Every structure is written in structure tokens, then in C-alpha cells.
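Participant: Attaching a single structure in C-alpha cells format; questions to follow.
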Amino acid sequence: MGRLPPRVFGLARAAVVNVGPHSVAILVYDGVTLLDIAGPAEVFKEANRFGADYRIMLLSPTGADVTSSLGVRLAVDGAVSSKPAFDTLLVAGSDHYPRAHVPADLADAARLPAAAAGRVASICTGAFVLAAAGILDGKRATTHWQVAHELAVRCPTCRVEPDAIYVRDGTTYTSAGVTAGIDLALALVEEDHGPGLTRDVARALVVYMQRAGGQSQFSAPLQGPPPRSPALRRITDVVTANPRADHSLGALAKHLNVSTRQLTRLFHDELSTTPARYVENIRFDLARAMLDQGHSATQAATLAGFPSYESMRRVFARKLSLSPAAYQRRFSTARRAREVGGAHP
């Protein structure tokens with residue numbers, strides 16, 4: 001059997017169908033991202049329409065109401081410490097904590113109930129709260145691709161999977177940026193109630209049960225550190241905005257009114273690549289996204305800016321040892337990867 005895609009780790013075991021009530025506590029705090037709360041909550045609420053019995057509550061570290069990143073005031077159901085053990089504890093994310101250290105009271109608010117919860121999960125940058133609480137030590141995890149490197153720095157014993165949509169390591173779950181919380185919540189519902197009910201939920205919400213591909217399809221133009229030079233950032237913006245345009249070395253140099261030699265040196269010094277390879281990498285990742293969305297290989301080549309299907313095929317063969325058609329067949333259906341610690345495929 002070939003290797004499974006890297007986007008999801010876990011949930012390989014058979015689903016255990018639960019029929020009793022299941023408490024879901026969502027830890028919120030000032031500056032929390034609203035979609036990190038609303039997305040998973042909608043999944044659990046919709047699951048109740050099809051026979052599940054999720055009891056959803058919003059809890060804050062002190063029991064005080066909080067204000068989201070959008071300025072929306074959220075009424076909470078109490079303090080984390082005031083409630084009994086939860087079946088599932090979700091920690092929502094915030095833009096604050098990749099940039100600043102997580103306060104001790106917030107880390108404690110995650111650490112203490114996590115010890116008794118049946119399972120603990122983070123949405124997007126909520127992984128930084130779990131990391132500060134020591135919950136991710138020695139485990140695999142993911143977060144938004146833009147801050148995955150920072151999570152690895154904050155939690156050096158954690159193995160960060162930057163391309164995964166969500167990761168399971170034992171009873172700890174982490175998910176990528178914002179809407180990936182919906183993917184994770186669907187996976188948790190499937191674990192609790194099986195694929196039939198979960199499929200009904202996904203259809204009702206008009207989302208995929210499990211989307212194809214990893215985060216790289218969204219982060220293609222921004223992999224690695226951004227260029228330091230404003231001039232080079234203008235060039236990368238030009239390529240990203242219109243990959244189908246003429247991005248030959250001469251055309252790119254003309255955008256900045258510099259010599260081709262100077263432009264080549266800029267790319268080498270700051271991005272460790274050539275202008276041509278940079279353009280190729282962007283087109284390659286865009287073509288993968290087009291294939292994931294169901295476009296034909298010929299359409300993907302055109303939309304991604306390749307001169308021809310054959311030129312795209314050569315790039316796929318060099319990078320993946322697969323043709324575009326073989327890549328699309330492999331990723332056209334969602335497959336669950338092995339559970340952490342489980343058998344290799």
C-alpha cells in the first residue's frame with residue numbers, strides 16, 4: 001500500500017458509537033477568535049439534530065464574560081474550575097498568543113481540566129495554550145501554517161506537523177487554522193457516532209467530511225520566511241497575484257528596473273532559490289490545489305500558469321514521482337491516516 005497523505009494523523013481505529021450525553025466545554029478568553037468557537041459548536045449542534053446528545057458550554061478562566069477578537073461580547077456559562085470533568089475540552093485560538101506568551105492563568109485554565117477530560121483539543125492557535133500548559137510535550141501537533149515554526153520553538157519536545165489539517169496523538173487533538181476546527185469537530189463526531197451520522201452533519205452544513213490535501217495548498221506563495229527586501233516582496237506579490245503572466249527572468253527584472261543578475265542574487269541571498277524555481281514552486285502548489293478541487297489536469301496546468309500540460313507533468317514527476325493524474329486519483333477521496341503509534345500502512 002502506498003503512503004497516505006500527511007494532512008491528517010489519527011482516527012484509524014473503529015468508531016465507538018456513543019448514545020449518552022457528551023459534555024463539550026470550549027475554553028474562551030478575551031481576544032479569542034470567534035470562528036474557532038462557532039465552527040466546532042455548529043458541528044456539535046447539528047449532530048444533535050441527527051441523534052447525538054452534545055451538551056455545549058462556554059467557559060472562561062474566571063467565569064467572567066469575554067470579548068472576542070471581533071469585539072463581540074460572549075456570555076459564558078461559568079469558570080472552568082466550577083464545572084465537573086468534561087468529555088471533551090476544546091481550546092479556541094487567538095491572534096495574540098503566537099505573538100505573545102500565554103498568561104499563566106490561561107495556561108492553568110487549560111491544564112487543570114485537561115487532566116480529567118476524556119479528550120482535549122485545540123483550534124488553530126489554541127495549540128499555543130496547550131503548549132504553555134505542557135499538554136503537547138512529547139506529542140505530535142499542528143496549528144496554522146503561518147505560526148507552525150513558532151509553535152515548534154515554544155514547544156521543542158513537540159513534533160509539529162505544519163501541513164496537517166488536524167493531528168491526533170492519544171487523547172490530544174490539534175487542528176490547523178480557523179475552519180480546520182470544523183474538520184476536527186466532524187472527526188470527533190465520527191469517532192463518537194460513526195460515519196453515517198457524521199455524513200448527515202457534513203451534508204447539512206455543506207462541507208466535506210474530510211477535505212483533500214494539507215495546509216500547503218493554502219500556503220504555497222508564503223512557504224518559508226518572507227523576503228526582507230521590499231523590492232523582492234513586490235516581485236513575490238506580482239507572481240502570486242497572477243501566476244499565468246510572463247514571469248521570465250527578464251520580465252521580473254523589468255518590474256523592478258534592475259538587472260537580471262541583481263534579481264538572481266536577491267533570490268539566492270534571501271530565498272535560497274532562483275526566480276525560475278520560485279515561480280515553478282508557486283505554480284506547482286496552485287496546480288495541486290486545482291487538482292484537489294476537481295479540475296482536470298489540463299485545466300490545472302492552465303489555471304496555475306504552466307506553459308503546457310507537459311511542463312506541469314515534468315514538475316510533478318520530479319517533485320512527487322507521480323503524474324498529475326495519479327496525484328489526483330490518490331487524493332480524490334479522503335483517507336484516514338494511521339493513528340499515532342499505530343501500525344504503518
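Labels for the C-alpha cells follow display order: chains A, B, ..., residues from 1 in each chain, ligands from 1.
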Where does range 75-159 of chain A meet range 61-67 of chain A within 6 Å, residue by residue, with the nearest atom pair and distance in Å to one decimal for each, counting only C-alpha atoms, listed by chain and rising number, as CSV?

Facilitator:
```
residue,atom,partner,partner_atom,distance
A:Ala75,CA,A:Asp65,CA,4.9
A:Val76,CA,A:Asp65,CA,5.4
A:Gly78,CA,A:Gly63,CA,4.2
A:Ala79,CA,A:Gly63,CA,3.6
A:Val80,CA,A:Pro61,CA,5.8
A:Ala109,CA,A:Pro61,CA,5.3
```

Participant: I need the residue nearest Asn257 in chain A from this list: A:Ile235, A:Asp269, A:Ala297, A:His101. Use only C-alpha atoms for the distance.

Facilitator: A:Ile235

Participant: List every residue of range 50-155 of chain A that has an atom at most 12 Å from any atom of range 192-213 of chain A, and for each one report the closest atom pair and its distance in Å to one decimal, counting only C-alpha atoms, with rows sorted by chain and then by increasing residue number, as CSV.

Facilitator:
```
residue,atom,partner,partner_atom,distance
A:Phe50,CA,A:Leu197,CA,6.5
A:Gly51,CA,A:Leu197,CA,8.0
A:Ala52,CA,A:His193,CA,7.5
A:Asp53,CA,A:His193,CA,10.3
A:Tyr54,CA,A:Asp192,CA,10.4
A:Asp87,CA,A:Asp192,CA,11.0
A:Thr88,CA,A:Asp192,CA,11.1
A:Gly118,CA,A:Asp192,CA,11.9
A:Arg119,CA,A:Asp192,CA,11.7
```

Participant: For range 72-97 of chain A versus range 177-184 of chain A, which residues have an atom no more than 10 Å away, and what is each residue's nearest atom pair and distance in Å rounded to one decimal, using only C-alpha atoms, chain-then-number order, as a Markdown table?

Facilitator:
```
| residue | atom | partner | partner_atom | distance |
| --- | --- | --- | --- | --- |
| A:Leu90 | CA | A:Gly181 | CA | 9.7 |
| A:Ala92 | CA | A:Gly181 | CA | 8.9 |
| A:Gly93 | CA | A:Val178 | CA | 8.1 |
| A:Ser94 | CA | A:Val178 | CA | 9.7 |
```

Participant: Could you take the residues named above and write them with C-alpha atoms, as a short mmCIF file (atom, residue, chain, number, x, y, z; two decimals), in the first residue's frame?

Facilitator:
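Written file, out33.cif:
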```cif
data_model
loop_
_atom_site.label_atom_id
_atom_site.label_comp_id
_atom_site.auth_asym_id
_atom_site.auth_seq_id
_atom_site.Cartn_x
_atom_site.Cartn_y
_atom_site.Cartn_z
CA LEU A 90 -11.80 22.46 23.27
CA ALA A 92 -10.09 28.10 20.96
CA GLY A 93 -7.32 30.19 19.42
CA SER A 94 -6.40 33.85 19.29
#
```
